[in-house]
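File shown: upload_35.cif (mmCIF, C-alpha atoms and all ligand atoms).
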data_structure
loop_
_atom_site.label_atom_id
_atom_site.label_comp_id
_atom_site.auth_asym_id
_atom_site.auth_seq_id
_atom_site.Cartn_x
_atom_site.Cartn_y
_atom_site.Cartn_z
CA MET A 1 -54.20 5.78 45.49
CA THR A 2 -53.32 7.92 42.52
CA ALA A 3 -50.94 10.77 43.16
CA ARG A 4 -51.46 13.81 40.98
CA LEU A 5 -49.37 16.95 40.58
CA GLY A 6 -50.97 20.06 39.10
CA ARG A 7 -49.25 23.25 38.03
CA ARG A 8 -50.60 26.59 36.85
CA ARG A 9 -48.84 29.75 35.72
CA PHE A 10 -49.74 33.21 36.96
CA GLY A 11 -48.25 36.63 36.44
CA ARG A 12 -45.54 36.32 33.87
CA ASP A 13 -43.58 33.37 35.14
CA ASN A 14 -44.83 32.29 38.62
CA TYR A 15 -46.05 28.74 39.23
CA VAL A 16 -48.52 27.48 41.84
CA TYR A 17 -48.66 23.71 42.39
CA LEU A 18 -51.18 21.27 43.80
CA LEU A 19 -50.30 17.89 45.31
CA ALA A 20 -53.20 15.45 45.54
CA GLU A 21 -53.55 11.90 46.77
CA GLY A 22 -57.04 10.49 47.17
CA GLU A 23 -59.10 13.11 49.01
CA ASP A 24 -56.06 14.85 50.43
CA ALA A 25 -54.57 17.88 48.70
CA ALA A 26 -52.09 20.68 49.37
CA LEU A 27 -51.43 23.88 47.45
CA VAL A 28 -47.83 25.00 47.15
CA ASP A 29 -46.99 28.72 46.84
CA PRO A 30 -50.37 30.21 45.90
CA GLY A 31 -49.17 33.74 45.26
CA ASP A 32 -52.54 34.42 43.62
CA ALA A 33 -55.65 33.17 45.45
CA ALA A 34 -57.91 33.00 42.38
CA VAL A 35 -55.35 31.02 40.40
CA GLY A 36 -54.76 28.63 43.31
CA ALA A 37 -58.52 28.09 43.69
CA ALA A 38 -58.91 27.54 39.95
CA LEU A 39 -56.11 24.97 39.92
CA ALA A 40 -57.73 23.08 42.81
CA ALA A 41 -61.16 23.19 41.14
CA SER A 42 -59.72 21.91 37.84
CA MET A 43 -58.39 18.87 39.71
CA GLY A 44 -61.55 18.35 41.79
CA ALA A 45 -59.56 18.93 44.98
CA ARG A 46 -60.32 20.80 48.18
CA PRO A 47 -56.90 21.56 49.70
CA ARG A 48 -56.63 21.40 53.47
CA TRP A 49 -53.02 22.55 53.51
CA ILE A 50 -51.02 25.38 51.98
CA LEU A 51 -47.25 24.95 51.81
CA HIS A 52 -44.72 27.75 51.33
CA THR A 53 -41.31 27.04 49.85
CA HIS A 54 -40.47 30.49 51.25
CA GLY A 55 -42.27 33.59 52.42
CA HIS A 56 -41.98 36.04 49.51
CA PRO A 57 -45.29 37.65 48.56
CA ASP A 58 -45.39 36.28 45.01
CA HIS A 59 -45.50 32.81 46.66
CA SER A 60 -47.69 33.57 49.69
CA GLY A 61 -49.88 36.46 48.50
CA GLY A 62 -52.99 34.31 48.04
CA SER A 63 -52.56 32.22 51.17
CA ALA A 64 -54.54 34.32 53.66
CA ALA A 65 -57.62 34.43 51.40
CA LEU A 66 -57.36 30.72 50.55
CA ARG A 67 -56.89 29.78 54.21
CA ALA A 68 -60.13 31.60 55.04
CA GLU A 69 -62.00 30.18 52.05
CA LEU A 70 -60.87 26.58 52.50
CA GLY A 71 -60.29 26.41 56.24
CA ALA A 72 -56.76 25.36 55.37
CA GLU A 73 -53.61 25.36 57.47
CA VAL A 74 -50.50 27.24 56.27
CA LEU A 75 -47.15 25.51 56.72
CA GLY A 76 -43.81 27.21 56.20
CA HIS A 77 -40.47 27.89 57.81
CA GLY A 78 -40.57 30.28 60.76
CA ALA A 79 -37.42 32.04 59.59
CA ASP A 80 -39.53 33.60 56.82
CA ALA A 81 -42.30 34.73 59.20
CA ALA A 82 -41.59 38.39 58.50
CA TRP A 83 -43.24 37.86 55.10
CA PHE A 84 -45.91 35.37 56.20
CA PRO A 85 -46.20 33.87 59.70
CA PRO A 86 -47.10 30.19 59.17
CA ASP A 87 -49.69 28.35 61.26
CA VAL A 88 -47.22 25.46 61.47
CA ASP A 89 -43.48 26.14 61.62
CA LEU A 90 -41.56 23.58 59.56
CA ALA A 91 -38.15 24.51 61.00
CA GLY A 92 -36.21 21.39 61.86
CA ARG A 93 -38.74 18.98 60.31
CA GLY A 94 -37.36 16.24 58.07
CA THR A 95 -40.71 14.84 56.97
CA ILE A 96 -44.37 15.75 57.24
CA ASP A 97 -47.56 13.74 56.73
CA LEU A 98 -50.62 15.62 55.53
CA GLY A 99 -53.28 12.94 55.36
CA ALA A 100 -52.07 10.59 52.63
CA LEU A 101 -49.42 13.06 51.44
CA HIS A 102 -45.97 12.18 52.72
CA LEU A 103 -43.28 14.80 52.08
CA ARG A 104 -39.58 15.03 52.77
CA LEU A 105 -38.29 18.50 53.62
CA HIS A 106 -34.84 19.77 52.70
CA PRO A 107 -33.69 23.02 54.33
CA ALA A 108 -32.33 25.33 51.63
CA PRO A 109 -31.38 28.72 53.12
CA GLY A 110 -29.93 31.31 50.75
CA HIS A 111 -32.68 32.88 48.63
CA THR A 112 -34.38 33.52 51.98
CA PRO A 113 -33.37 32.28 55.47
CA GLY A 114 -36.36 29.92 55.61
CA SER A 115 -36.34 28.47 52.09
CA LEU A 116 -37.29 24.79 51.83
CA LEU A 117 -37.37 22.14 49.10
CA PHE A 118 -40.32 19.76 49.21
CA GLU A 119 -39.74 16.20 47.96
CA TRP A 120 -42.89 14.25 47.12
CA ARG A 121 -43.15 11.06 45.09
CA GLY A 122 -40.10 11.62 42.92
CA ARG A 123 -40.71 15.34 42.48
CA LEU A 124 -38.71 18.16 44.01
CA LEU A 125 -40.52 21.49 44.46
CA THR A 126 -37.67 23.95 44.55
CA GLY A 127 -39.33 27.36 45.04
CA ASP A 128 -36.87 30.13 44.21
CA THR A 129 -33.79 28.14 45.23
CA LEU A 130 -33.16 26.06 42.11
CA PHE A 131 -34.58 27.11 38.75
CA TRP A 132 -34.37 25.46 35.38
CA ALA A 133 -30.84 26.44 34.27
CA GLY A 134 -30.32 28.82 37.17
CA CYS A 135 -30.71 29.65 40.84
CA GLY A 136 -32.51 32.22 42.96
CA ASN A 137 -31.09 35.66 43.63
CA CYS A 138 -30.32 36.99 47.08
CA ARG A 139 -31.64 40.51 46.67
CA HIS A 140 -34.65 40.22 49.02
CA GLY A 141 -33.35 38.99 52.35
CA GLY A 142 -31.01 36.36 50.94
CA ASP A 143 -27.39 35.38 51.57
CA PRO A 144 -25.07 34.17 48.76
CA ALA A 145 -22.82 32.21 51.15
CA ALA A 146 -25.81 30.31 52.53
CA LEU A 147 -27.10 29.68 49.01
CA ALA A 148 -23.69 28.30 48.00
CA ALA A 149 -23.76 25.93 50.99
CA THR A 150 -27.26 24.79 50.01
CA PHE A 151 -26.14 23.97 46.47
CA LEU A 152 -22.78 22.43 47.34
CA GLY A 153 -23.90 20.66 50.48
CA GLY A 154 -27.61 19.86 50.25
CA ILE A 155 -28.74 19.73 46.63
CA ALA A 156 -25.53 18.01 45.50
CA GLY A 157 -26.49 14.94 47.50
CA LEU A 158 -30.03 14.52 46.12
CA ASP A 159 -31.10 11.81 43.66
CA GLY A 160 -30.60 12.83 40.02
CA ALA A 161 -33.87 11.15 39.04
CA LEU A 162 -35.92 13.73 40.98
CA GLU A 163 -38.05 15.96 38.77
CA VAL A 164 -37.37 19.68 39.24
CA HIS A 165 -40.51 21.84 39.71
CA PRO A 166 -39.47 25.47 40.35
CA GLY A 167 -41.40 28.51 41.53
CA HIS A 168 -40.78 30.45 38.32
CA ASP A 169 -40.10 29.64 34.69
CA TYR A 170 -36.89 31.52 34.02
CA ALA A 171 -35.44 29.01 31.55
CA GLU A 172 -35.37 31.35 28.58
CA ALA A 173 -33.68 34.08 30.65
CA ASN A 174 -31.22 31.73 32.32
CA LEU A 175 -30.04 29.62 29.40
CA PRO A 176 -28.25 32.41 27.46
CA PHE A 177 -26.31 33.13 30.66
CA ALA A 178 -25.47 29.44 31.05
CA LEU A 179 -24.27 29.37 27.43
CA GLU A 180 -22.05 32.36 28.11
CA VAL A 181 -20.37 31.15 31.30
CA ASP A 182 -20.43 27.36 30.83
CA PRO A 183 -21.44 26.44 27.28
CA THR A 184 -22.81 22.91 26.90
CA ALA A 185 -24.71 21.13 24.16
CA ALA A 186 -27.39 20.34 26.74
CA ALA A 187 -27.99 24.06 27.42
CA ALA A 188 -28.17 24.85 23.71
CA GLU A 189 -30.74 22.08 23.16
CA ARG A 190 -32.82 23.15 26.17
CA LEU A 191 -32.97 26.74 24.92
CA VAL A 192 -34.30 25.55 21.55
CA ALA A 193 -36.90 23.44 23.36
CA ALA A 194 -37.94 26.29 25.69
CA ARG A 195 -38.38 28.71 22.80
CA ALA A 196 -40.33 26.14 20.78
CA ALA A 197 -42.65 25.44 23.74
CA ARG A 198 -43.41 29.12 24.19
CA ALA A 199 -43.95 29.66 20.46
CA ALA A 200 -46.45 26.79 20.49
CA GLY A 201 -48.18 28.06 23.65
CA ARG A 202 -47.15 24.93 25.58
CA GLU A 203 -45.86 24.86 29.15
CA PRO A 204 -42.30 23.49 29.42
CA GLU A 205 -41.81 19.96 30.70
CA ALA A 206 -40.23 19.63 34.14
CA SER A 207 -36.54 18.71 33.99
CA THR A 208 -34.69 16.39 36.36
CA LEU A 209 -31.81 17.05 38.72
CA ALA A 210 -29.57 14.94 36.48
CA ALA A 211 -30.56 17.05 33.46
CA GLU A 212 -29.90 20.23 35.46
CA ARG A 213 -26.48 18.94 36.49
CA ALA A 214 -25.62 18.69 32.79
CA LEU A 215 -26.34 22.35 32.03
CA ASN A 216 -27.04 24.49 35.12
CA PRO A 217 -23.85 26.44 35.90
CA PHE A 218 -24.80 26.81 39.57
CA LEU A 219 -24.81 23.02 39.96
CA ARG A 220 -21.51 22.70 38.13
CA VAL A 221 -19.23 25.02 40.13
CA GLY A 222 -17.04 23.16 42.57
CA ASP A 223 -16.65 25.57 45.47
CA ALA A 224 -18.34 28.35 47.40
CA ALA A 225 -16.13 31.19 46.18
CA ARG A 226 -16.82 30.35 42.55
CA PHE A 227 -20.52 29.95 43.28
CA ALA A 228 -20.69 33.42 44.88
CA ALA A 229 -18.77 34.94 41.98
CA LEU A 230 -21.17 33.31 39.51
CA ARG A 231 -24.20 34.58 41.44
CA ALA A 232 -22.76 38.12 41.44
CA ARG A 233 -22.06 37.86 37.69
CA ARG A 234 -25.66 36.74 37.08
CA ASP A 235 -26.95 39.71 39.11
CA ALA A 236 -24.95 42.12 36.99
CA TRP A 237 -25.76 40.33 33.71
CA ALA A 238 -29.56 40.11 33.95
CA PRO A 239 -30.66 41.52 30.61
CA GLY A 240 -34.19 40.39 31.35
CA GLY A 241 -36.17 37.84 33.28
CA GLU A 242 -35.25 36.53 36.69
CA GLY A 243 -36.51 39.83 38.02
CA GLY A 244 -38.94 38.28 40.47
CA ARG A 245 -38.47 37.70 44.10
ZN ZN B 301 -38.61 34.38 46.25
#

Could I get this file's structure written as structure tokens?
Amino acid sequence: MTARLGRRRFGRDNYVYLLAEGEDAALVDPGDAAVGAALAASMGARPRWILHTHGHPDHSGGSAALRAELGAEVLGHGADAAWFPPDVDLAGRGTIDLGALHLRLHPAPGHTPGSLLFEWRGRLLTGDTLFWAGCGNCRHGGDPAALAATFLGGIAGLDGALEVHPGHDYAEANLPFALEVDPTAAAAERLVAARAARAAGREPEASTLAAERALNPFLRVGDAARFAALRARRDAWAPGGEGGR
């Protein structure tokens, strides 16, 4: 059975994803119902499940309409129910099977209390926890100490070959910060590639965890205190981008 991953941009920098295997399909973070439906239609899929990496409205805003339209079930972590109460609470679940789709779940509190990473066939859907060249902020119900523990404890142990598929494309906003606090040749090259992709009207390629470890300052700090200091510095720095939830 062929496994297919679809991705579509909405707003300025949000991404909705679709996971499909045979007749089984799941939308991930459809913040915009029309864009989620268009992505599914373009792949000939009728999703029966909607997954939330976390509850923020730019990731869940289209879910109620799509649930009604598709008769789909919404799955997310109950700790984020204040934003969107899921039909199925994924708290404490290590794996889930949705028809032919088999996913591993990694708890990732920090950006929100109920943030999750979804691992599926060599891909890691990271929501607003891990971005290309950066990490999520904690301004909307988050906790920097929990986010540090997620990076130093959870993400640090994951396979470097995993592809990184984030909830926003903040690469061009994040890379100048990375070059300021932790300059690497890898970050300089990625910034050139990101700018070239945008100039050509192309979507950026997904990176891998190994590639992120070579340039993402939040994956390169060794301890929680330094992580929190870096997060605070990024909050104060933000000359643009990374403004989303
Ligand atoms: Zn968010």

From A:Asp235, A:Asp80, A:Asp32, A:Asp89, residue lying nearest Pro144 (chain A) [all atoms listed in the file]: A:Asp235

Nearest candidate to ligand ZN 301 (chain B) (options A:Ile50, A:Ala37, A:Leu66, A:Cys138; using all atoms listed in the file): A:Cys138

Given all atoms listed in the file as the counted atoms, nearest of A:Gly153, A:Pro85, A:Gly94, A:Pro109 to Gly141 (chain A): A:Pro109

Distance filter 9 Å around ligand ZN 301 (chain B), atoms: all atoms listed in the file, out as a PyMOL selection string: chain A and resi 53-59+111-112+115+127-129+136-138+140+167+244-245

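Near Ala214 (chain A), within 8 Å and counting only C-alpha atoms, sit A:Thr184, A:Ala186, A:Ala187, A:Arg220, not including residues fewer than 5 positions from it in the same chain.
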
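Picture a line from CA of Ile155 (chain A) to CA of Pro30 (chain A); it runs 24.0 Å.
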
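We find CA of Ala40 (chain A) and CA of Leu116 (chain A) to be spaced 22.4 Å apart.
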
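Proximity of A:Pro47, A:Gly222, A:Gly114, A:Gly92 to Val74 (chain A), computed with only C-alpha atoms, is greatest for A:Pro47.
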
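When CA of Val16 (chain A) is paired with CA of Val28 (chain A), their separation reads 5.9 Å.
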
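Distances here use all atoms listed in the file; by that measure, the residue among A:Ala33, A:Asp223, A:His102, A:Ala91 closest to Leu19 (chain A) is A:His102.
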
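Across A:Gly160, A:Pro166, A:Gly134, A:Gly154, the tightest approach to Pro217 (chain A) is made by A:Gly134 when counting only C-alpha atoms.
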
Selection as a list of chain:residue names: residues within 6 Å of (-43.8, 27.9, 34.8), counting only C-alpha atoms: A:Arg9, A:Asp13, A:Asn14, A:Tyr15, A:His168, A:Asp169

Region 120-122 of chain A surroundings by all atoms listed in the file, 12 Å radius, close-in-sequence under 4 positions cut, as JSON, numbers by chain: {"A": [2, 3, 4, 5, 18, 19, 20, 21, 26, 28, 95, 96, 97, 98, 100, 101, 102, 103, 104, 105, 106, 126, 158, 159, 160, 161, 162, 163, 164, 165, 206, 207, 208, 209]}

Where's the centre, and what are the edge lengths in Å to one decimal, of a box along x, y and z enclosing all listed atoms of region 156-170 of chain A padded 5 Å per side, as JSON?
{"center_x": -33.5, "center_y": 21.3, "center_z": 40.8, "size_x": 25.9, "size_y": 30.4, "size_z": 23.5}
